[in-house]
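Shown below: upload_11.txt, with compact mmCIF, C-alpha atoms and all ligand atoms.
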# COMPACT_ATOMS: atom_id res chain seq x y z
CA MET A 1 229.08 38.37 96.51
CA GLU A 2 232.50 37.21 95.33
CA PHE A 3 232.92 35.52 91.99
CA ARG A 4 236.65 35.79 91.59
CA GLN A 5 237.47 33.21 94.26
CA GLU A 6 236.01 30.50 92.05
CA VAL A 7 237.73 31.68 88.92
CA LYS A 8 240.94 29.94 87.94
CA PHE A 9 242.54 32.83 86.09
CA ASP A 10 243.62 35.49 88.53
CA PRO A 11 245.53 38.50 87.20
CA PHE A 12 245.34 40.02 90.67
CA SER A 13 247.44 37.50 92.54
CA GLU A 14 250.56 38.91 94.20
CA LYS A 15 252.79 37.25 91.68
CA ALA A 16 253.70 39.18 88.53
CA GLU A 17 255.89 37.68 85.81
CA LYS A 18 258.60 39.62 83.98
CA PHE A 19 257.19 41.48 81.01
CA ASP A 20 256.94 39.26 77.96
CA ALA A 21 255.37 40.50 74.73
CA GLN A 22 254.05 37.07 73.73
CA ALA A 23 252.51 36.41 77.17
CA MET A 24 250.89 39.85 77.00
CA LYS A 25 249.38 39.06 73.63
CA GLU A 26 247.99 35.74 74.85
CA ASP A 27 246.59 37.08 78.12
CA LEU A 28 244.95 40.02 76.38
CA LYS A 29 243.37 37.75 73.82
CA ALA A 30 242.11 35.32 76.48
CA ASN A 31 241.05 37.69 79.25
CA GLY A 32 241.63 41.28 78.18
CA ILE A 33 244.11 41.90 81.01
CA TYR A 34 247.83 41.30 81.59
CA ARG A 35 249.89 41.90 84.73
CA PHE A 36 253.68 42.18 84.65
CA GLU A 37 256.88 43.41 86.23
CA PHE A 38 259.26 45.53 84.17
CA ASP A 39 262.93 46.43 84.24
CA SER A 40 262.69 49.23 81.71
CA THR A 41 259.72 51.10 80.30
CA SER A 42 261.17 50.82 76.78
CA GLU A 43 260.66 47.05 76.66
CA VAL A 44 256.97 47.58 77.50
CA GLU A 45 256.70 50.42 74.99
CA ASP A 46 258.26 48.22 72.34
CA GLY A 47 255.85 45.34 73.13
CA LEU A 48 252.84 47.65 73.03
CA SER A 49 253.87 49.09 69.68
CA ARG A 50 253.44 45.60 68.25
CA MET A 51 249.84 45.47 69.50
CA GLY A 52 248.67 48.50 67.53
CA GLN A 53 249.24 52.20 67.13
CA LEU A 54 250.66 53.94 70.21
CA VAL A 55 248.95 57.31 70.43
CA ASN A 56 249.65 60.62 72.09
CA HIS A 57 247.11 61.70 74.65
CA PRO A 58 246.32 65.44 74.72
CA ASP A 59 247.90 65.48 78.20
CA SER A 60 251.09 63.70 77.19
CA ASP A 61 252.95 66.79 75.87
CA GLY A 62 253.63 65.09 72.56
CA ARG A 63 255.23 62.02 74.14
CA LEU A 64 253.85 58.52 73.86
CA ALA A 65 253.67 58.08 77.62
CA THR A 66 251.65 60.34 79.89
CA GLN A 67 253.14 60.91 83.32
CA LEU A 68 250.32 60.65 85.85
CA GLU A 69 251.07 62.42 89.08
CA ALA A 70 249.41 65.03 91.26
CA THR A 71 250.32 68.56 90.23
CA GLY A 72 249.51 69.91 93.68
CA LYS A 73 247.07 72.46 92.26
CA ARG A 74 243.89 72.81 94.25
CA ASP A 75 241.77 73.25 91.14
CA TYR A 76 241.99 70.96 88.20
CA GLY A 77 240.14 71.22 84.89
CA ARG A 78 237.37 69.07 83.51
CA GLY A 79 238.73 65.60 82.79
CA GLN A 80 242.00 66.44 84.60
CA ARG A 81 241.29 64.59 87.83
CA GLY A 82 244.06 62.12 86.98
CA PHE A 83 246.56 64.87 87.83
CA SER A 84 245.24 65.33 91.35
CA ASN A 85 245.41 62.98 94.34
CA CYS A 86 241.65 62.35 94.19
CA SER A 87 240.03 59.02 93.54
CA LEU A 88 238.99 58.10 90.00
CA PRO A 89 235.89 55.92 89.68
CA PRO A 90 236.30 52.98 87.29
CA HIS A 91 236.07 54.21 83.72
CA THR A 92 236.95 53.75 80.05
CA ASP A 93 239.64 56.06 78.68
CA GLN A 94 238.76 58.34 75.77
CA ALA A 95 235.27 56.90 75.44
CA LEU A 96 234.51 58.94 72.33
CA ARG A 97 237.57 58.07 70.36
CA SER A 98 236.86 56.54 66.96
CA PRO A 99 238.05 53.91 66.39
CA PRO A 100 238.17 53.20 70.14
CA LEU A 101 241.35 52.71 72.09
CA ALA A 102 242.18 49.04 72.15
CA TYR A 103 244.54 48.95 75.12
CA LEU A 104 245.69 51.00 78.02
CA ALA A 105 248.92 50.31 79.92
CA LEU A 106 249.55 51.63 83.42
CA LEU A 107 253.09 51.33 84.78
CA CYS A 108 253.79 52.05 88.42
CA ILE A 109 256.94 54.16 88.80
CA GLN A 110 256.23 55.06 92.42
CA PRO A 111 253.30 53.88 94.55
CA ALA A 112 251.69 56.32 96.99
CA GLN A 113 252.66 56.20 100.66
CA VAL A 114 249.00 55.86 101.64
CA GLY A 115 246.13 54.79 99.37
CA GLY A 116 246.29 55.06 95.59
CA GLU A 117 245.28 51.46 94.96
CA SER A 118 244.44 50.61 91.37
CA LEU A 119 240.84 49.63 90.65
CA PHE A 120 239.77 47.24 87.91
CA VAL A 121 236.36 46.04 86.76
CA ASP A 122 235.61 43.46 84.09
CA SER A 123 232.68 45.01 82.23
CA LYS A 124 231.92 41.61 80.73
CA LEU A 125 230.77 40.47 84.17
CA VAL A 126 228.82 43.70 84.60
CA TYR A 127 227.15 43.16 81.23
CA ARG A 128 226.22 39.57 82.13
CA ARG A 129 224.78 40.60 85.44
CA LEU A 130 222.67 43.27 83.80
CA SER A 131 221.49 40.89 81.08
CA ILE A 132 220.35 38.32 83.65
CA GLU A 133 218.98 40.51 86.42
CA TYR A 134 218.25 43.88 84.84
CA PRO A 135 217.53 43.41 81.11
CA LYS A 136 215.46 46.63 80.97
CA PHE A 137 218.39 48.65 82.27
CA LEU A 138 220.71 46.91 79.82
CA GLU A 139 218.36 47.99 77.04
CA VAL A 140 218.55 51.59 78.23
CA LEU A 141 222.36 51.43 78.52
CA SER A 142 222.55 50.09 74.95
CA ASN A 143 220.38 52.90 73.57
CA PRO A 144 222.51 55.41 71.64
CA GLU A 145 220.14 58.28 72.43
CA ILE A 146 220.33 58.27 76.22
CA ILE A 147 223.97 58.70 77.28
CA ALA A 148 226.18 61.49 75.98
CA HIS A 149 229.91 61.99 76.45
CA ARG A 150 231.61 65.32 76.40
CA PHE A 151 234.91 66.05 74.69
CA GLU A 152 236.03 69.66 74.94
CA ASP A 153 232.84 71.55 73.96
CA GLN A 154 231.30 68.76 71.90
CA PHE A 155 228.68 66.27 73.07
CA SER A 156 228.25 62.93 71.37
CA SER A 157 225.57 60.37 72.14
CA VAL A 158 227.09 56.94 72.53
CA PRO A 159 225.66 53.99 74.45
CA VAL A 160 227.44 52.35 77.37
CA PHE A 161 227.32 49.05 75.51
CA THR A 162 227.67 48.84 71.74
CA ALA A 163 227.10 45.53 69.94
CA LEU A 164 229.42 44.86 67.03
CA GLU A 165 228.32 42.72 64.11
CA ASP A 166 230.01 39.57 65.37
CA ASP A 167 228.45 39.36 68.87
CA ARG A 168 231.21 41.31 70.53
CA ILE A 169 230.34 44.16 72.86
CA ILE A 170 232.25 47.39 73.39
CA ALA A 171 231.86 49.05 76.78
CA ARG A 172 232.18 52.77 77.36
CA VAL A 173 231.71 53.70 81.00
CA ARG A 174 232.27 56.95 82.85
CA PHE A 175 230.70 58.37 85.95
CA ASP A 176 232.45 61.72 85.95
CA GLU A 177 231.77 65.17 84.52
CA LEU A 178 232.50 63.90 80.99
CA CYS A 179 229.36 61.76 80.94
CA TYR A 180 225.77 62.96 80.83
CA SER A 181 222.51 61.06 80.96
CA SER A 182 218.98 62.02 79.99
CA ILE A 183 216.34 61.52 82.69
CA ALA A 184 215.40 58.22 81.03
CA GLY A 185 218.87 56.88 81.82
CA ILE A 186 219.26 57.90 85.47
CA ASP A 187 218.00 54.69 87.09
CA ALA A 188 220.01 52.53 84.71
CA ILE A 189 223.19 54.53 85.35
CA GLN A 190 222.60 54.24 89.10
CA LYS A 191 222.24 50.46 88.84
CA LEU A 192 225.32 50.32 86.60
CA ARG A 193 227.25 52.26 89.22
CA GLU A 194 226.16 49.86 91.98
CA ILE A 195 227.15 46.78 89.97
CA VAL A 196 230.48 48.32 88.94
CA GLU A 197 231.24 49.02 92.60
CA GLU A 198 230.35 45.46 93.51
CA TYR A 199 232.73 44.05 90.90
CA THR A 200 235.59 46.44 91.61
CA VAL A 201 238.89 44.78 92.46
CA ARG A 202 241.40 46.86 94.44
CA ILE A 203 245.09 46.19 93.91
CA SER A 204 248.17 47.66 95.58
CA VAL A 205 250.43 47.78 92.56
CA LYS A 206 254.12 47.73 93.51
CA GLN A 207 256.92 49.75 92.02
CA ASN A 208 257.94 48.47 88.55
CA GLN A 209 254.74 46.51 88.15
CA GLY A 210 252.06 47.29 85.62
CA PHE A 211 248.90 46.25 83.86
CA VAL A 212 247.75 46.29 80.27
CA VAL A 213 243.99 46.13 79.86
CA SER A 214 241.57 46.03 76.99
CA ASN A 215 240.13 49.53 77.29
CA SER A 216 236.77 48.53 75.82
CA ARG A 217 236.35 45.70 78.33
CA TRP A 218 238.18 46.44 81.62
CA LEU A 219 237.42 49.65 83.47
CA HIS A 220 240.25 51.18 85.48
CA GLY A 221 240.39 53.70 88.29
CA ARG A 222 242.16 54.43 91.55
CA SER A 223 241.50 55.31 95.15
CA ASP A 224 242.62 58.65 96.57
CA PHE A 225 246.08 58.91 98.04
CA VAL A 226 248.57 60.78 100.18
CA GLY A 227 252.15 61.45 99.10
CA GLU A 228 253.73 61.11 95.70
CA ARG A 229 252.34 58.58 93.29
CA LYS A 230 253.78 58.31 89.79
CA TYR A 231 252.47 56.22 86.94
CA LEU A 232 253.15 56.12 83.23
CA ARG A 233 250.23 55.56 80.91
CA TYR A 234 250.35 54.32 77.33
CA LEU A 235 247.39 54.18 74.94
CA VAL A 236 247.13 51.85 71.98
CA ALA A 237 244.52 52.64 69.30
CA ALA A 238 242.57 50.03 67.38
CA ASN A 239 242.96 49.94 63.62
CA ASN A 240 239.24 50.31 62.98
CA GLN A 241 235.83 49.91 64.63
CA ASN A 242 235.79 46.15 63.97
CA ASP A 243 239.33 45.48 65.14
CA PRO A 244 239.37 41.98 66.75
CA ASN A 245 241.20 43.49 69.75
CA LEU A 246 238.13 45.45 70.80
CA GLY A 247 235.47 44.51 73.32
CA PHE A 248 234.45 41.12 74.64
CA SER A 249 232.59 38.22 73.11
CA ILE A 250 229.29 37.09 74.57
CA SER A 251 228.81 34.09 72.30
CA ASN A 252 231.99 32.01 72.68
CA ASP A 253 232.14 31.53 76.42
CA SER A 254 235.25 29.95 77.83
CA ASN A 255 235.08 27.64 80.85
CA ARG A 256 235.81 30.62 83.01
CA ASP A 257 232.83 32.52 81.62
CA ILE A 258 230.57 29.54 82.06
CA ALA A 259 231.69 29.18 85.68
CA VAL A 260 230.91 32.84 86.29
CA LYS A 261 227.58 32.51 84.53
CA GLU A 262 226.61 29.55 86.70
CA GLN A 263 227.52 31.45 89.84
CA ILE A 264 225.40 34.38 88.75
CA ALA A 265 222.51 32.04 87.96
CA GLU A 266 222.83 30.53 91.43
CA ILE A 267 222.70 33.94 93.06
CA VAL A 268 219.69 34.91 90.98
CA ARG A 269 217.89 31.77 92.11
FE FE A 301 241.86 56.67 82.83
structure tokens encoding of this file:
Amino acid sequence: MEFRQEVKFDPFSEKAEKFDAQAMKEDLKANGIYRFEFDSTSEVEDGLSRMGQLVNHPDSDGRLATQLEATGKRDYGRGQRGFSNCSLPPHTDQALRSPPLAYLALLCIQPAQVGGESLFVDSKLVYRRLSIEYPKFLEVLSNPEIIAHRFEDQFSSVPVFTALEDDRIIARVRFDELCYSSIAGIDAIQKLREIVEEYTVRISVKQNQGFVVSNSRWLHGRSDFVGERKYLRYLVAANNQNDPNLGFSISNDSNRDIAVKEQIAEIVR
């Protein structure tokens, strides 16, 4: 099943334009994802700082950018898989953060010799698919009592999909050791995992190319790799829970959304 071929907007084409703050703003507003090439990381950092509050990640050593590379250690801590050469299933960053992270930027400083492709999934398509084919599972995944996320030694129950007051949806997805499900959620999580895999796009990101994604819409991940692979990651926080830069709308469908919806309907038939 391949929906992207029919979709006009394609952030995954080979071509990446030079970083432009205005183009980033427009693409993020329209589709929640922006691909670019950069000459210096500071121009990207500067552009991101105009989108919201750049935040330090606990792993960033007090800097705004986190350097993602394998440390070479055989054992890595809980939630530290990013610093190994293992694969990372598609996920939302800092799923418990309140207000949520609005954007995540990943800048390729050095691609891996083998593997290390970037993975992206539009959770809006996943949500639609669930709503059409598996509404019972969508109900479970929207129940705040069933899924819990772990941060340090704290557990918080948050649903995979949270509806905001204005018909927007915020997605929080993880399949790693930071996410727990009650027995009532196991089948729904399994189906979610299958659909996420089906919608995963794999990209070989070149040196000095990067992506900015809406963290509450697009999931990101990577395949495992051999050799050195270096990325810089920036996180941009939302101003509050109802920040217009969060999530995706399910009421105002663009032509692209309608096209996708029709394709799903056709498959369902
Ligand atoms: Fe991540």
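Considering only C-alpha atoms and all ligand atoms, the residues that reside within 10 Å of ligand FE 301 (chain A) can be listed as Leu68, Gly79, Gln80, Arg81, Gly82, Leu88, Pro89, Pro90, His91, Thr92, Asp93, Gln94, Ala95, Leu104, Ala105, Leu106, Arg174, Asn215, Leu219, His220, Gly221, Arg222, Arg233 and Leu235 of chain A.
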field: For atom CA of Asn240 of chain A and atom CA of Thr162 of chain A, the interatomic separation in Å (one decimal)
entry: 14.6 Å
field: Selected residue of minimal separation from Ile186 of chain A among A:Tyr103, A:Phe137, A:Ser98, A:Ala21, counting only C-alpha atoms
entry: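 Ranked by minimum distance to Ile186 of chain A, first place goes to A:Phe137.
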- prompt: Need the neighbours of (251.6, 56.6, 101.5): which residues are at most 9 Å away, counting only C-alpha atoms, as a list in words?
  reply: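 Collected hits near the coordinates: Pro111, Ala112, Gln113, Val114, Gly115, Gly116, Phe225, Val226, Gly227, Glu228 and Arg229 of chain A.
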message: If I take atom CA of Leu28 of chain A and atom CA of Ile203 of chain A, how far is one from the other in Å, to one decimal?
response: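 Separating atom CA of Leu28 of chain A from atom CA of Ile203 of chain A is a distance of 18.6 Å.
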task: Would you please work out which residue, of A:Asp122, A:Asp243, A:Glu117, A:Asp10, is nearest to Asp166 of chain A when using all atoms listed in the file?
output: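 Between A:Asp122, A:Asp243, A:Glu117, A:Asp10, the residue approaching Asp166 of chain A most closely is A:Asp243.
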- prompt: Pick from A:Asp176, A:Gly210, A:Ser156, A:Ser142: nearest to Ala188 of chain A, with all atoms listed in the file counted?
  reply: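 Nearest to Ala188 of chain A: A:Ser142.
For the set A:Phe19, A:Tyr199, A:Tyr34, A:Trp218, the residue with the smallest atom-to-atom gap to Ser123 of chain A is A:Trp218, counting all atoms listed in the file.
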task: Go through A:Leu246, A:Val126, A:Leu119, A:Ile183 one by one, measure the shortest atom-to-atom distance of each to Ala148 of chain A using all atoms listed in the file, and give the residue with the smallest value.
output: A:Ile183
query: Quick one: of A:Val160, A:Pro99, A:Ser216, A:Ala23, who's nearest to Gln53 of chain A, counting all atoms listed in the file?
result: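 So, comparing all the options, the nearest one is A:Pro99.
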